[in-house]
Amino acid sequence: MPGQYSIFATVGNATQPFDRFVQAVDEAARIVRLPTLIQTGRSTYRPRHAAAVDFVDRSEFEDLIRSSDYVATHGGVGSVLSTLHLGKVPMVMVRYRKYGEVVNDHQLELVDELSRLGLVHVIAGADQIVELLRRPPEVFPARTRPSNSRMLETVRAFLS
């Protein structure tokens, strides 16, 4: 699987479907015509313009991030921080409780703060994804990639 996709998109391992995200990435893949793999989780929407897999293990997940030019993800802390740690600036769509995509809106605060810090691109639909895909891929500099200790400091500062 790794090495053959320009775009890797992941919904993480949440138990709720994230059809809004899967459909937006699939539509963007149709428009830009780049090889795309979407890890769909429990989403019911089936991509028509991208390859799909329900879940990947941790090793495959990291390999797919490393080998893809672009990464789109839900706003889960694990997915976002893994993407940054592996050197990519992610496109991030927040899951919302009102759509049944998550049990509470905790992703919103995290993504807002990471966006404010210039660490992620917030996306709401296919148009924003396409706009970002028409730019050269962004690499997150190794010297500033989040480590566990740096992220802990950031979270503590955010909470205080």
# chains A, B, ... in the order shown; residues from 1 in each chain; ligands from 1
$ residues_around --residues "Val77 in chain A" --least-positions-apart "2" --cutoff "8 Å" --atoms "only C-alpha atoms" --output "VMD selection string"
chain A and resid 75 79 to 81 107 110
$ residues_around --residues "Val122 in chain A" --least-positions-apart "2" --cutoff "7 Å" --atoms "only C-alpha atoms" --output "list in words"
Met91, Val92, Met93, Ser115, Val120 and Ala124 of chain A
$ atom_distance --atom1 "CA of Ala9 in chain A" --atom2 "CA of Ile38 in chain A"
4.6 Å
$ select_by_dssp --residues "range 18-136 of chain A" --states "alpha helix (DSSP H)" --output "MDAnalysis selection string"
chainID A and resid 19:32 58:67 77:85 106:116 126:133
$ closest_atom_pairs --of "range 18-39 of chain A" --to "range 132-141 of chain A" --cutoff "10 Å" --atoms "only C-alpha atoms" --output "Markdown table"
| residue | atom | partner | partner_atom | distance |
| --- | --- | --- | --- | --- |
| A:Ala28 | CA | A:Leu133 | CA | 8.5 |
| A:Ala29 | CA | A:Leu133 | CA | 9.4 |
| A:Val32 | CA | A:Leu133 | CA | 7.5 |
| A:Leu34 | CA | A:Leu133 | CA | 9.1 |
$ atom_distance --atom1 "CA of Pro90 in chain A" --atom2 "CA of Asp19 in chain A"
18.7 Å
$ atom_distance --atom1 "CA of Ser6 in chain A" --atom2 "CA of Glu109 in chain A"
28.8 Å
$ select_by_dssp --residues "chain A" --states "strand (DSSP E or B)" --output "tab-separated table (two decimals) with N, CA and C atoms, in the first residue's frame"
chain	number	residue	atom	x	y	z
A	7	ILE	N	-2.07	11.21	-1.94
A	7	ILE	CA	-2.88	11.69	-0.82
A	7	ILE	C	-3.25	10.52	0.06
A	8	PHE	N	-3.01	10.66	1.35
A	8	PHE	CA	-3.50	9.70	2.34
A	8	PHE	C	-4.45	10.45	3.25
A	9	ALA	N	-5.65	9.92	3.42
A	9	ALA	CA	-6.65	10.53	4.29
A	9	ALA	C	-7.07	9.51	5.33
A	10	THR	N	-7.23	9.97	6.57
A	10	THR	CA	-7.57	9.05	7.65
A	10	THR	C	-8.65	9.62	8.57
A	36	THR	N	-5.20	8.47	-4.47
A	36	THR	CA	-5.64	8.76	-3.11
A	36	THR	C	-6.07	7.48	-2.41
A	37	LEU	N	-5.68	7.38	-1.14
A	37	LEU	CA	-6.16	6.29	-0.28
A	37	LEU	C	-6.86	6.93	0.91
A	38	ILE	N	-8.10	6.50	1.15
A	38	ILE	CA	-8.86	6.99	2.29
A	38	ILE	C	-9.08	5.83	3.26
A	39	GLN	N	-8.60	6.00	4.48
A	39	GLN	CA	-8.88	5.06	5.56
A	39	GLN	C	-10.23	5.50	6.13
A	51	ALA	N	-9.02	4.99	-3.64
A	51	ALA	CA	-8.94	3.67	-3.02
A	51	ALA	C	-9.37	3.82	-1.57
A	52	ALA	N	-9.87	2.73	-0.99
A	52	ALA	CA	-10.35	2.80	0.39
A	52	ALA	C	-9.97	1.55	1.15
A	53	VAL	N	-9.74	1.75	2.43
A	53	VAL	CA	-9.49	0.65	3.36
A	53	VAL	C	-10.15	1.05	4.68
A	70	TYR	N	0.56	14.44	0.54
A	70	TYR	CA	-0.42	15.20	1.31
A	70	TYR	C	-1.13	14.26	2.28
A	71	VAL	N	-1.48	14.80	3.45
A	71	VAL	CA	-2.22	14.03	4.44
A	71	VAL	C	-3.43	14.85	4.88
A	72	ALA	N	-4.59	14.21	4.81
A	72	ALA	CA	-5.82	14.81	5.33
A	72	ALA	C	-6.27	13.92	6.48
A	73	THR	N	-6.74	14.53	7.56
A	73	THR	CA	-7.10	13.76	8.73
A	73	THR	C	-8.25	14.40	9.49
A	74	HIS	N	-8.88	13.59	10.33
A	74	HIS	CA	-9.84	14.13	11.29
A	74	HIS	C	-9.05	14.87	12.35
A	88	LYS	N	4.80	16.13	8.04
A	88	LYS	CA	3.80	16.67	7.12
A	88	LYS	C	2.91	17.67	7.83
A	91	MET	N	-3.99	18.55	6.55
A	91	MET	CA	-5.27	19.19	6.31
A	91	MET	C	-6.22	18.52	7.30
A	92	VAL	N	-6.91	19.29	8.12
A	92	VAL	CA	-7.67	18.71	9.23
A	92	VAL	C	-9.13	19.15	9.18
A	93	MET	N	-10.02	18.17	9.26
A	93	MET	CA	-11.45	18.44	9.37
A	93	MET	C	-11.90	17.99	10.76
A	121	HIS	N	-3.80	22.96	8.48
A	121	HIS	CA	-4.75	23.67	7.61
A	121	HIS	C	-6.13	23.11	7.93
A	122	VAL	N	-7.04	23.96	8.35
A	122	VAL	CA	-8.39	23.53	8.66
A	122	VAL	C	-9.19	23.48	7.37
A	139	VAL	N	6.33	20.63	4.13
A	139	VAL	CA	7.08	19.77	5.04
A	139	VAL	C	7.25	20.50	6.35
$ closest_residue --among "A:Asp69, A:Asp112, A:Glu101, A:Asp57" --to "Ala14 in chain A" --atoms "only C-alpha atoms"
A:Glu101
$ closest_residue --among "A:Thr40, A:Ser82, A:Ser67, A:Gln4" --to "Val25 in chain A" --atoms "only C-alpha atoms"
A:Thr40
